[in-house]
Amino acid sequence: MPLWIWQLPIMHPYRLRQYSVSGLTVGLALLALLQLDPWLNWQSRPFLVLLAAVLLNAHLGGVGAGLLATVLSGLGYVLFLLPASIGWSSSWPSTWLSSETLQLGLFLLEGGLLSIWLGGLNQKRTEYKQSEQVLPTALSTSETSGRPQFVELNQIYKAAPIGLCFLDTELRFICINDWLAAINGRSVAEHIGRRLGEVVPEFADAVEPLYRQVLASRLPALNVELCSCTATEPQVERTWLVSYYPVIDAQDVLLGVSTVVQDITERKQAEAALRKNEAKFRRLVEANMFGVAFGDFSGRITYANEALLRMIGHTEADVLNGQLRWDRLTPSEYLPLDAHATEELRMRGVSTPFTKEYIRQDGSRVPILLGSALLAEPYDQQETIISFYLDLIELKQIESALQRQQERLNLAQKAGKIGTFEWDIATHKITWTQELEALYGLSPGCFGGQYQNWLKALHPADRLRTGQAVRKAMRTGTPLDTEFRIYWPDGSLHWMLAKAHVFQDGSNSRLIGVNVDITERKQAEESLQETNQTLQALIQACPLAIAVFSLDNGQVKLWNPAAELIFGWSEQEVLGCFLPSVPPDKRQEFLGNLAAIRQGQSLVGIETRRQKKNGLPIELSVWAAPLQDAEGRCNCVSIVADITERKQAEVERSLLLAREQAARAQAEAANRLKDEFLATLSHELRSPLNAMLGWAQLLRTRKFNAATTERALETIERNARLQTQLVEDLLDVSRIIQGRLGLNLSPVDLVPVIEAAIETVRPAAEAKNIQVRTELPAEASLLAGDAARLQQVIWNLLSNAIKFTPSGGQVEVQLSQNDEAVQLRVSDTGRGISADFLPYVFDRFRQADNSSTRTYGGLGLGLAIVRHLVELHGGMVDASSPGEGQGATFSVVIPLPKGALSSRLQANTQTSLPTNPEAPQDLPQDPGRKPLES
């Protein structure tokens, strides 16, 4: 029952009798005044009689009765005894301050004060008498009940873990136990004999009406909840369950109220927590992030949320009419799995999550991850099952995509003769891919998986050196980079290059890397070494004069016997001296040739005049080329033939020698680039694949929440896109090398192309808090180009700028034009480009940092593609940088069409570019791509 109902004022019958007596006494006094006045003349002193009535009522009935008698006496005086001249007439307000009125006011004041005073005295006297009566009665009752019962009651009061107290009819504490006294923050002694309002005034307003109700009705008030803070814990609101029992003795005398107080704060908190958890679970189910169903072991499904209904293509109506059953949804081949899950539920109350399929309403199948549990114990007696479902369609699609990527990687490894391995350093277990087993001449699965199995395959002469390199990498964590020979089971000898890194996985260390078959490279190196030996012998035995001299000062470093024979100077005479065979009139020509050679040019078969030691001129055919020695100094190697006697034969031999030298240089460069490219490619492929495979395995073996699953899928998608971009760059470079990369020409406005490229890279810029500023003209001239390839150029430049610009930096894009060309400038405030690397910034596979531990990824293809695409448009691209840490600027200049072609472009931008002799360049077309609309 609400607390306010107990707080309504209730008039006790005793009070009603008192107030009735007050009215009767005042009436008798007024009647005596009116009837006896002729003999006693009391109307001259009416207030004496009325005051006596007031004092009598205040003495007998208390304050209320006295005040009521005072008011009634005043009202009776006004109605019956007040002279008519100042009675209830229209002129009464004018006589308000008459002497009779003032007497009436003084009477009311005196009556009120005397009533309050006498009533207070009367109340104190009554309380004292009642206490004298209650205590003997209680003591006599206790003595009558016997000493054992009193002792037992006292022990209950002391030991009870609840609050107990007894208040008399005046709400004074007669007894209270320690538990309740502690809640009130006072001792037991401070309670006894004192009123409720005096001891705990903070609770009086709430509980005193309840006590009054129980005393008035003689009926108990049970299980009333009271919320408040206590003196001992003023900051904690607690909840109590209070019951009030009237105490009536054998003579039907009401002695007081016994109170029982129970602290239910923890129960209320538990109930609130339970309601909160129920609300959370309901929100989780209704959020439809995963499927939820309730059913039983017979196959019925009694509830299914929207997520599950969407998975299986059913509606809520199918659940309500009983058509939805999990045994009908399950294909027959998965029924054994359901039976096993049922056994687990009966034994443990929960089943291990497992994958299966459900038959959708349209007959198709949906892969799901299913986990079930029972809601209560004992499990073998429960029938209600709750099941949770995850849709695995997207995961299956991701697994399929990963499988395709793995197949592509395997194909690339086979084509590049690359195999990967993983070595667990703690267990010495080695895992090889099938590609690596094939590189060792083994069938799939034939590798033993141990260090000794691998060591046996090595050439005996290489085992010690290679084993030391491996142990050093494991011990120090430095990258492994070594070459060694192996024997195949058929006895054939092959060369291997091993590159690997040590990775820490908690306390476990793993050596992960690749083996590359470099047999062909080693054969080429051996052939090259043989060629060098042949050349040395050839230099000594060659009938042609061969000389090597410095490009800086012309000092001779090599002078073969043929040179001695042709020019007449011995080797001792010319070594360390300026070339003596150059006559004064040919000195400038000679110095010019040296300058050309210093810039990388070669002199092939030029005819010139020189002089012999005896001063006679000689006509020669000269071959010269730059040559670096072991210390990196640039020299010139010169081959001279006396064309007077054997011109033709020596020319042919010189050409053959030049071709051999060029082939050697190209082979060395190709091998070096191949090594660098393979190292970079393996790193760029392995990093995203590790993340993708790792998340895929975790998703298959563990159960994550929605946020973690979303982050895993995002990581897999991002790394898949990185590999896609990597493949696209490789394909573009392949087209460039094969000369198959062409353009689909159309009129192009660079402004929207630039804006589209900026929008593409904007998320990456915002992620690093990089500001992208643009300075674009309102209108730009049209140029003849491939819009998609131009956007690729701009995107590559912007991506490069954002990648090498630190957080908080700035990238600026400027577009300007004149009558001849359009110029695009992309500048940044990033790490800049060193002066040493700036000439090679547009070379393929060239990066400022080629190490496998570099900060920035990539294969070094983007700027090479940019240069080629710009040159296909008849333009040029340039890079400049003040130095490292000072940013970089890339400038692209593309010529504008001239003459009639320019007029046609401005007149109709939708028309395909026509053939015109005034066009800046005859650009190739890509037959595999459709022309882009402008």
# chains A, B, ... in the order shown; residues from 1 in each chain; ligands from 1
call {"tool": "select_by_dssp", "arguments": {"residues": "range 497-581 of chain A", "states": "helix (DSSP H, G or I)", "output": "ChimeraX atom specification"}}
result
/A:519-541,561-567,571-574
call {"tool": "write_last_selection", "arguments": {"atoms": "N, CA, C and O atoms", "output": "compact mmCIF listing (two decimals), in the first residue's frame"}}
result
# COMPACT_ATOMS: atom_id res chain seq x y z
N THR A 519 70.60 -21.39 -59.82
CA THR A 519 71.52 -22.22 -60.61
C THR A 519 71.86 -21.53 -61.93
O THR A 519 73.05 -21.48 -62.32
N GLU A 520 70.86 -21.01 -62.60
CA GLU A 520 71.12 -20.36 -63.89
C GLU A 520 72.02 -19.14 -63.71
O GLU A 520 72.90 -18.87 -64.53
N ARG A 521 71.79 -18.38 -62.61
CA ARG A 521 72.64 -17.21 -62.37
C ARG A 521 74.08 -17.62 -62.11
O ARG A 521 75.02 -17.00 -62.61
N LYS A 522 74.26 -18.68 -61.33
CA LYS A 522 75.62 -19.14 -61.05
C LYS A 522 76.31 -19.64 -62.31
O LYS A 522 77.51 -19.42 -62.52
N GLN A 523 75.54 -20.30 -63.15
CA GLN A 523 76.13 -20.75 -64.41
C GLN A 523 76.55 -19.56 -65.26
O GLN A 523 77.60 -19.58 -65.90
N ALA A 524 75.70 -18.50 -65.20
CA ALA A 524 76.06 -17.30 -65.96
C ALA A 524 77.30 -16.64 -65.37
O ALA A 524 78.16 -16.13 -66.11
N GLU A 525 77.42 -16.64 -64.02
CA GLU A 525 78.60 -16.04 -63.40
C GLU A 525 79.85 -16.83 -63.74
O GLU A 525 80.92 -16.26 -63.99
N GLU A 526 79.72 -18.17 -63.73
CA GLU A 526 80.88 -18.98 -64.11
C GLU A 526 81.28 -18.72 -65.56
O GLU A 526 82.47 -18.63 -65.88
N SER A 527 80.27 -18.58 -66.38
CA SER A 527 80.57 -18.28 -67.78
C SER A 527 81.23 -16.91 -67.90
O SER A 527 82.15 -16.73 -68.70
N LEU A 528 80.77 -15.97 -67.09
CA LEU A 528 81.35 -14.63 -67.12
C LEU A 528 82.79 -14.66 -66.63
O LEU A 528 83.67 -13.97 -67.18
N GLN A 529 83.06 -15.47 -65.60
CA GLN A 529 84.43 -15.58 -65.10
C GLN A 529 85.34 -16.17 -66.17
O GLN A 529 86.48 -15.72 -66.36
N GLU A 530 84.82 -17.15 -66.85
CA GLU A 530 85.61 -17.72 -67.95
C GLU A 530 85.88 -16.67 -69.02
O GLU A 530 86.98 -16.60 -69.60
N THR A 531 84.86 -15.85 -69.26
CA THR A 531 85.03 -14.78 -70.25
C THR A 531 86.10 -13.79 -69.82
O THR A 531 86.91 -13.33 -70.64
N ASN A 532 86.11 -13.45 -68.51
CA ASN A 532 87.13 -12.52 -68.01
C ASN A 532 88.53 -13.10 -68.18
O ASN A 532 89.47 -12.39 -68.57
N GLN A 533 88.67 -14.37 -67.88
CA GLN A 533 89.98 -14.99 -68.07
C GLN A 533 90.38 -14.98 -69.55
O GLN A 533 91.54 -14.74 -69.90
N THR A 534 89.36 -15.22 -70.37
CA THR A 534 89.63 -15.18 -71.82
C THR A 534 90.06 -13.79 -72.25
O THR A 534 90.98 -13.62 -73.07
N LEU A 535 89.37 -12.76 -71.67
CA LEU A 535 89.72 -11.38 -72.04
C LEU A 535 91.13 -11.03 -71.60
O LEU A 535 91.86 -10.32 -72.33
N GLN A 536 91.52 -11.47 -70.40
CA GLN A 536 92.89 -11.19 -69.97
C GLN A 536 93.91 -11.80 -70.93
O GLN A 536 94.91 -11.15 -71.31
N ALA A 537 93.64 -13.02 -71.29
CA ALA A 537 94.56 -13.64 -72.26
C ALA A 537 94.52 -12.94 -73.61
O ALA A 537 95.54 -12.77 -74.29
N LEU A 538 93.31 -12.51 -73.95
CA LEU A 538 93.15 -11.82 -75.22
C LEU A 538 93.89 -10.50 -75.24
O LEU A 538 94.50 -10.11 -76.25
N ILE A 539 93.82 -9.78 -74.09
CA ILE A 539 94.51 -8.49 -74.03
C ILE A 539 96.01 -8.67 -74.26
O ILE A 539 96.65 -7.88 -74.96
N GLN A 540 96.54 -9.72 -73.64
CA GLN A 540 97.98 -9.94 -73.78
C GLN A 540 98.36 -10.45 -75.17
O GLN A 540 99.43 -10.09 -75.71
N ALA A 541 97.48 -11.27 -75.72
CA ALA A 541 97.84 -11.87 -77.01
C ALA A 541 97.23 -11.15 -78.20
O ALA A 541 97.57 -11.47 -79.34
N PRO A 561 101.04 -5.43 -75.12
CA PRO A 561 102.16 -5.57 -76.05
C PRO A 561 101.84 -5.07 -77.46
O PRO A 561 102.72 -4.54 -78.16
N ALA A 562 100.59 -5.25 -77.90
CA ALA A 562 100.23 -4.77 -79.24
C ALA A 562 100.37 -3.26 -79.30
O ALA A 562 100.77 -2.70 -80.35
N ALA A 563 100.02 -2.56 -78.21
CA ALA A 563 100.19 -1.12 -78.19
C ALA A 563 101.67 -0.75 -78.30
O ALA A 563 102.04 0.24 -78.97
N GLU A 564 102.53 -1.52 -77.62
CA GLU A 564 103.96 -1.26 -77.75
C GLU A 564 104.39 -1.43 -79.21
O GLU A 564 105.18 -0.64 -79.74
N LEU A 565 103.82 -2.48 -79.84
CA LEU A 565 104.22 -2.76 -81.22
C LEU A 565 103.70 -1.69 -82.18
O LEU A 565 104.41 -1.25 -83.08
N ILE A 566 102.46 -1.22 -81.94
CA ILE A 566 101.86 -0.26 -82.87
C ILE A 566 102.45 1.14 -82.67
O ILE A 566 102.81 1.82 -83.64
N PHE A 567 102.58 1.59 -81.40
CA PHE A 567 102.98 2.97 -81.16
C PHE A 567 104.48 3.11 -80.89
O PHE A 567 105.02 4.21 -80.99
N GLU A 571 105.63 -0.40 -72.21
CA GLU A 571 104.69 -0.23 -71.09
C GLU A 571 105.31 0.60 -69.98
O GLU A 571 104.64 1.44 -69.37
N GLN A 572 106.61 0.41 -69.68
CA GLN A 572 107.26 1.16 -68.62
C GLN A 572 107.34 2.64 -68.96
O GLN A 572 107.31 3.49 -68.06
N GLU A 573 107.37 2.97 -70.23
CA GLU A 573 107.50 4.38 -70.63
C GLU A 573 106.18 5.15 -70.50
O GLU A 573 106.19 6.35 -70.26
N VAL A 574 105.06 4.47 -70.63
CA VAL A 574 103.79 5.20 -70.69
C VAL A 574 102.96 5.09 -69.40
O VAL A 574 102.07 5.92 -69.17
call {"tool": "residues_around", "arguments": {"residues": "Tyr211 in chain A", "least_positions_apart": "5", "cutoff": "8 Å", "atoms": "only C-alpha atoms", "output": "PDB file with all heavy atoms, in the first residue's frame"}}
result
ATOM      1  N   LEU A 171       4.701   6.263  21.331  1.00  0.00           N
ATOM      2  CA  LEU A 171       5.835   6.108  20.418  1.00  0.00           C
ATOM      3  C   LEU A 171       7.154   6.360  21.134  1.00  0.00           C
ATOM      4  O   LEU A 171       8.091   6.960  20.592  1.00  0.00           O
ATOM      5  CB  LEU A 171       5.693   7.052  19.205  1.00  0.00           C
ATOM      6  CG  LEU A 171       4.423   6.886  18.390  1.00  0.00           C
ATOM      7  CD1 LEU A 171       4.454   7.773  17.155  1.00  0.00           C
ATOM      8  CD2 LEU A 171       4.220   5.426  17.980  1.00  0.00           C
ATOM      9  N   TYR A 244       4.997  -3.800  10.986  1.00  0.00           N
ATOM     10  CA  TYR A 244       4.545  -3.211  12.257  1.00  0.00           C
ATOM     11  C   TYR A 244       3.429  -4.100  12.833  1.00  0.00           C
ATOM     12  O   TYR A 244       2.425  -4.340  12.150  1.00  0.00           O
ATOM     13  CB  TYR A 244       4.029  -1.791  12.047  1.00  0.00           C
ATOM     14  CG  TYR A 244       5.011  -0.868  11.353  1.00  0.00           C
ATOM     15  CD1 TYR A 244       5.070  -0.797   9.955  1.00  0.00           C
ATOM     16  CD2 TYR A 244       5.893  -0.088  12.083  1.00  0.00           C
ATOM     17  CE1 TYR A 244       5.963   0.036   9.315  1.00  0.00           C
ATOM     18  CE2 TYR A 244       6.795   0.761  11.447  1.00  0.00           C
ATOM     19  CZ  TYR A 244       6.822   0.817  10.066  1.00  0.00           C
ATOM     20  OH  TYR A 244       7.705   1.655   9.430  1.00  0.00           O
ATOM     21  N   VAL A 257       3.585  -1.014  19.770  1.00  0.00           N
ATOM     22  CA  VAL A 257       3.825  -1.588  18.441  1.00  0.00           C
ATOM     23  C   VAL A 257       5.209  -2.237  18.439  1.00  0.00           C
ATOM     24  O   VAL A 257       6.203  -1.606  18.840  1.00  0.00           O
ATOM     25  CB  VAL A 257       3.744  -0.524  17.335  1.00  0.00           C
ATOM     26  CG1 VAL A 257       4.024  -1.161  15.974  1.00  0.00           C
ATOM     27  CG2 VAL A 257       2.382   0.147  17.340  1.00  0.00           C
TER      28      VAL A 257
END
call {"tool": "closest_residue", "arguments": {"among": "A:Cys636, A:Leu579, A:Ala457, A:Leu370", "to": "Ala595 in chain A", "atoms": "only C-alpha atoms"}}
result
A:Cys636
call {"tool": "residues_around", "arguments": {"residues": "Met474 in chain A", "least_positions_apart": "2", "cutoff": "10 Å", "atoms": "only C-alpha atoms", "output": "number ranges by chain"}}
result
A: 425, 468-472, 476-480, 501-503, 509-511
call {"tool": "residues_around", "arguments": {"residues": "Ala788 in chain A", "least_positions_apart": "2", "cutoff": "9 Å", "atoms": "only C-alpha atoms", "output": "VMD selection string"}}
result
chain A and resid 744 753 785 to 786 790 to 793 932
call {"tool": "atom_distance", "arguments": {"atom1": "CA of Pro444 in chain A", "atom2": "CA of Tyr487 in chain A"}}
result
17.3 Å
call {"tool": "select_by_dssp", "arguments": {"residues": "range 763-853 of chain A", "states": "strand (DSSP E)", "output": "PyMOL selection string"}}
result
chain A and resi 771-775+783-785+810-817+821-828
call {"tool": "write_last_selection", "arguments": {"atoms": "N, CA, C and O atoms", "output": "compact mmCIF listing (two decimals), in the first residue's frame"}}
result
# COMPACT_ATOMS: atom_id res chain seq x y z
N GLN A 771 47.06 18.20 -45.03
CA GLN A 771 46.22 19.17 -45.76
C GLN A 771 46.59 19.13 -47.24
O GLN A 771 47.77 19.27 -47.60
N VAL A 772 45.60 18.94 -48.09
CA VAL A 772 45.79 18.92 -49.54
C VAL A 772 45.26 20.23 -50.11
O VAL A 772 44.05 20.49 -50.07
N ARG A 773 46.14 21.06 -50.59
CA ARG A 773 45.76 22.36 -51.15
C ARG A 773 45.82 22.29 -52.67
O ARG A 773 46.71 21.64 -53.23
N THR A 774 44.89 22.94 -53.32
CA THR A 774 44.84 22.94 -54.78
C THR A 774 44.83 24.37 -55.29
O THR A 774 44.30 25.28 -54.65
N GLU A 775 45.44 24.53 -56.43
CA GLU A 775 45.44 25.81 -57.14
C GLU A 775 45.15 25.49 -58.61
O GLU A 775 46.06 25.25 -59.39
N LEU A 783 43.31 18.93 -73.78
CA LEU A 783 44.47 18.31 -74.39
C LEU A 783 44.09 16.92 -74.87
O LEU A 783 43.09 16.35 -74.43
N ALA A 784 44.88 16.41 -75.77
CA ALA A 784 44.62 15.07 -76.31
C ALA A 784 45.32 14.06 -75.43
O ALA A 784 46.54 14.04 -75.33
N GLY A 785 44.53 13.22 -74.75
CA GLY A 785 45.14 12.27 -73.84
C GLY A 785 44.17 11.19 -73.42
O GLY A 785 43.00 11.17 -73.81
N GLN A 810 51.70 18.94 -45.47
CA GLN A 810 50.88 19.60 -46.49
C GLN A 810 51.31 19.13 -47.87
O GLN A 810 52.50 18.95 -48.13
N VAL A 811 50.32 18.92 -48.73
CA VAL A 811 50.54 18.58 -50.13
C VAL A 811 49.83 19.62 -50.98
O VAL A 811 48.65 19.92 -50.72
N GLU A 812 50.53 20.16 -51.97
CA GLU A 812 49.96 21.23 -52.80
C GLU A 812 49.94 20.78 -54.25
O GLU A 812 50.93 20.25 -54.76
N VAL A 813 48.80 21.00 -54.91
CA VAL A 813 48.61 20.64 -56.32
C VAL A 813 48.34 21.92 -57.09
O VAL A 813 47.39 22.65 -56.77
N GLN A 814 49.19 22.22 -58.10
CA GLN A 814 49.05 23.43 -58.91
C GLN A 814 48.93 23.02 -60.38
O GLN A 814 49.66 22.16 -60.86
N LEU A 815 48.01 23.67 -61.07
CA LEU A 815 47.84 23.45 -62.51
C LEU A 815 47.92 24.80 -63.19
O LEU A 815 47.18 25.74 -62.83
N SER A 816 48.81 24.90 -64.14
CA SER A 816 48.98 26.15 -64.90
C SER A 816 49.16 25.79 -66.37
O SER A 816 49.43 24.63 -66.71
N GLN A 817 49.01 26.78 -67.22
CA GLN A 817 49.15 26.53 -68.66
C GLN A 817 49.57 27.81 -69.37
O GLN A 817 49.40 28.93 -68.86
N ALA A 821 51.81 24.51 -73.51
CA ALA A 821 51.67 23.28 -72.74
C ALA A 821 50.91 23.55 -71.45
O ALA A 821 50.66 24.69 -71.06
N VAL A 822 50.56 22.44 -70.80
CA VAL A 822 49.93 22.45 -69.47
C VAL A 822 50.95 21.89 -68.49
O VAL A 822 51.57 20.86 -68.75
N GLN A 823 51.09 22.57 -67.34
CA GLN A 823 52.07 22.12 -66.33
C GLN A 823 51.33 21.80 -65.04
O GLN A 823 50.54 22.60 -64.54
N LEU A 824 51.60 20.61 -64.50
CA LEU A 824 51.04 20.15 -63.22
C LEU A 824 52.19 20.01 -62.24
O LEU A 824 53.18 19.34 -62.52
N ARG A 825 52.04 20.63 -61.06
CA ARG A 825 53.08 20.56 -60.01
C ARG A 825 52.45 19.95 -58.76
O ARG A 825 51.41 20.42 -58.29
N VAL A 826 53.08 18.92 -58.23
CA VAL A 826 52.67 18.29 -56.97
C VAL A 826 53.85 18.40 -56.00
O VAL A 826 54.89 17.79 -56.21
N SER A 827 53.68 19.20 -54.97
CA SER A 827 54.75 19.42 -53.99
C SER A 827 54.27 19.01 -52.61
O SER A 827 53.07 19.04 -52.31
N ASP A 828 55.22 18.61 -51.78
CA ASP A 828 54.88 18.19 -50.43
C ASP A 828 55.93 18.68 -49.46
O ASP A 828 56.98 19.20 -49.86
call {"tool": "decode", "arguments": {"residues": "range 602-666 of chain A", "atoms": "C-alpha atoms", "output": "PDB file, in the first residue's frame"}}
result
ATOM      1  CA  SER A 602      81.333   4.921 -75.884  1.00  0.00           C
ATOM      2  CA  LEU A 603      83.531   5.439 -78.924  1.00  0.00           C
ATOM      3  CA  VAL A 604      83.044   2.651 -81.399  1.00  0.00           C
ATOM      4  CA  GLY A 605      85.274   2.386 -84.443  1.00  0.00           C
ATOM      5  CA  ILE A 606      85.966   6.077 -84.878  1.00  0.00           C
ATOM      6  CA  GLU A 607      88.758   6.877 -87.262  1.00  0.00           C
ATOM      7  CA  THR A 608      91.414   9.263 -86.069  1.00  0.00           C
ATOM      8  CA  ARG A 609      95.056  10.110 -86.437  1.00  0.00           C
ATOM      9  CA  ARG A 610      97.726   9.532 -83.850  1.00  0.00           C
ATOM     10  CA  GLN A 611     101.544   9.472 -83.849  1.00  0.00           C
ATOM     11  CA  LYS A 612     104.181   6.867 -83.137  1.00  0.00           C
ATOM     12  CA  LYS A 613     107.197   7.224 -80.927  1.00  0.00           C
ATOM     13  CA  ASN A 614     109.302   7.938 -83.995  1.00  0.00           C
ATOM     14  CA  GLY A 615     106.985  10.834 -84.871  1.00  0.00           C
ATOM     15  CA  LEU A 616     105.325   9.213 -87.827  1.00  0.00           C
ATOM     16  CA  PRO A 617     101.518   9.537 -88.042  1.00  0.00           C
ATOM     17  CA  ILE A 618      99.334   6.468 -87.976  1.00  0.00           C
ATOM     18  CA  GLU A 619      95.687   6.056 -88.960  1.00  0.00           C
ATOM     19  CA  LEU A 620      93.722   4.174 -86.381  1.00  0.00           C
ATOM     20  CA  SER A 621      90.295   2.872 -85.675  1.00  0.00           C
ATOM     21  CA  VAL A 622      89.539   3.451 -81.988  1.00  0.00           C
ATOM     22  CA  TRP A 623      87.054   1.805 -79.635  1.00  0.00           C
ATOM     23  CA  ALA A 624      86.694   3.341 -76.201  1.00  0.00           C
ATOM     24  CA  ALA A 625      84.228   2.936 -73.329  1.00  0.00           C
ATOM     25  CA  PRO A 626      83.981   3.963 -69.670  1.00  0.00           C
ATOM     26  CA  LEU A 627      85.250   1.406 -67.179  1.00  0.00           C
ATOM     27  CA  GLN A 628      85.170   1.488 -63.391  1.00  0.00           C
ATOM     28  CA  ASP A 629      87.978  -0.140 -61.484  1.00  0.00           C
ATOM     29  CA  ALA A 630      87.669  -1.992 -58.181  1.00  0.00           C
ATOM     30  CA  GLU A 631      87.941   1.286 -56.245  1.00  0.00           C
ATOM     31  CA  GLY A 632      85.126   2.919 -58.188  1.00  0.00           C
ATOM     32  CA  ARG A 633      87.300   5.303 -60.218  1.00  0.00           C
ATOM     33  CA  CYS A 634      86.096   5.994 -63.744  1.00  0.00           C
ATOM     34  CA  ASN A 635      88.565   5.056 -66.479  1.00  0.00           C
ATOM     35  CA  CYS A 636      88.500   4.557 -70.198  1.00  0.00           C
ATOM     36  CA  VAL A 637      89.364   1.377 -71.973  1.00  0.00           C
ATOM     37  CA  SER A 638      90.584   1.948 -75.516  1.00  0.00           C
ATOM     38  CA  ILE A 639      91.166  -0.567 -78.269  1.00  0.00           C
ATOM     39  CA  VAL A 640      93.147   0.632 -81.244  1.00  0.00           C
ATOM     40  CA  ALA A 641      93.604  -1.083 -84.584  1.00  0.00           C
ATOM     41  CA  ASP A 642      95.946  -0.096 -87.348  1.00  0.00           C
ATOM     42  CA  ILE A 643      93.461   0.151 -90.160  1.00  0.00           C
ATOM     43  CA  THR A 644      96.176   0.412 -92.703  1.00  0.00           C
ATOM     44  CA  GLU A 645      96.820  -3.329 -92.824  1.00  0.00           C
ATOM     45  CA  ARG A 646      93.976  -5.206 -91.174  1.00  0.00           C
ATOM     46  CA  LYS A 647      91.145  -2.730 -90.881  1.00  0.00           C
ATOM     47  CA  GLN A 648      88.269  -5.003 -91.640  1.00  0.00           C
ATOM     48  CA  ALA A 649      89.398  -7.958 -89.547  1.00  0.00           C
ATOM     49  CA  GLU A 650      90.189  -5.813 -86.521  1.00  0.00           C
ATOM     50  CA  VAL A 651      86.854  -3.941 -86.799  1.00  0.00           C
ATOM     51  CA  GLU A 652      84.940  -7.230 -86.684  1.00  0.00           C
ATOM     52  CA  ARG A 653      86.968  -8.464 -83.741  1.00  0.00           C
ATOM     53  CA  SER A 654      86.492  -5.176 -81.891  1.00  0.00           C
ATOM     54  CA  LEU A 655      82.749  -5.315 -82.437  1.00  0.00           C
ATOM     55  CA  LEU A 656      82.649  -8.859 -81.076  1.00  0.00           C
ATOM     56  CA  LEU A 657      84.592  -7.799 -78.002  1.00  0.00           C
ATOM     57  CA  ALA A 658      82.282  -4.819 -77.431  1.00  0.00           C
ATOM     58  CA  ARG A 659      79.221  -7.058 -77.637  1.00  0.00           C
ATOM     59  CA  GLU A 660      80.713  -9.457 -75.123  1.00  0.00           C
ATOM     60  CA  GLN A 661      81.437  -6.637 -72.696  1.00  0.00           C
ATOM     61  CA  ALA A 662      77.946  -5.222 -73.099  1.00  0.00           C
ATOM     62  CA  ALA A 663      76.439  -8.660 -72.533  1.00  0.00           C
ATOM     63  CA  ARG A 664      78.484  -9.066 -69.360  1.00  0.00           C
ATOM     64  CA  ALA A 665      77.361  -5.701 -68.027  1.00  0.00           C
ATOM     65  CA  GLN A 666      73.737  -6.439 -68.863  1.00  0.00           C
TER      66      GLN A 666
END
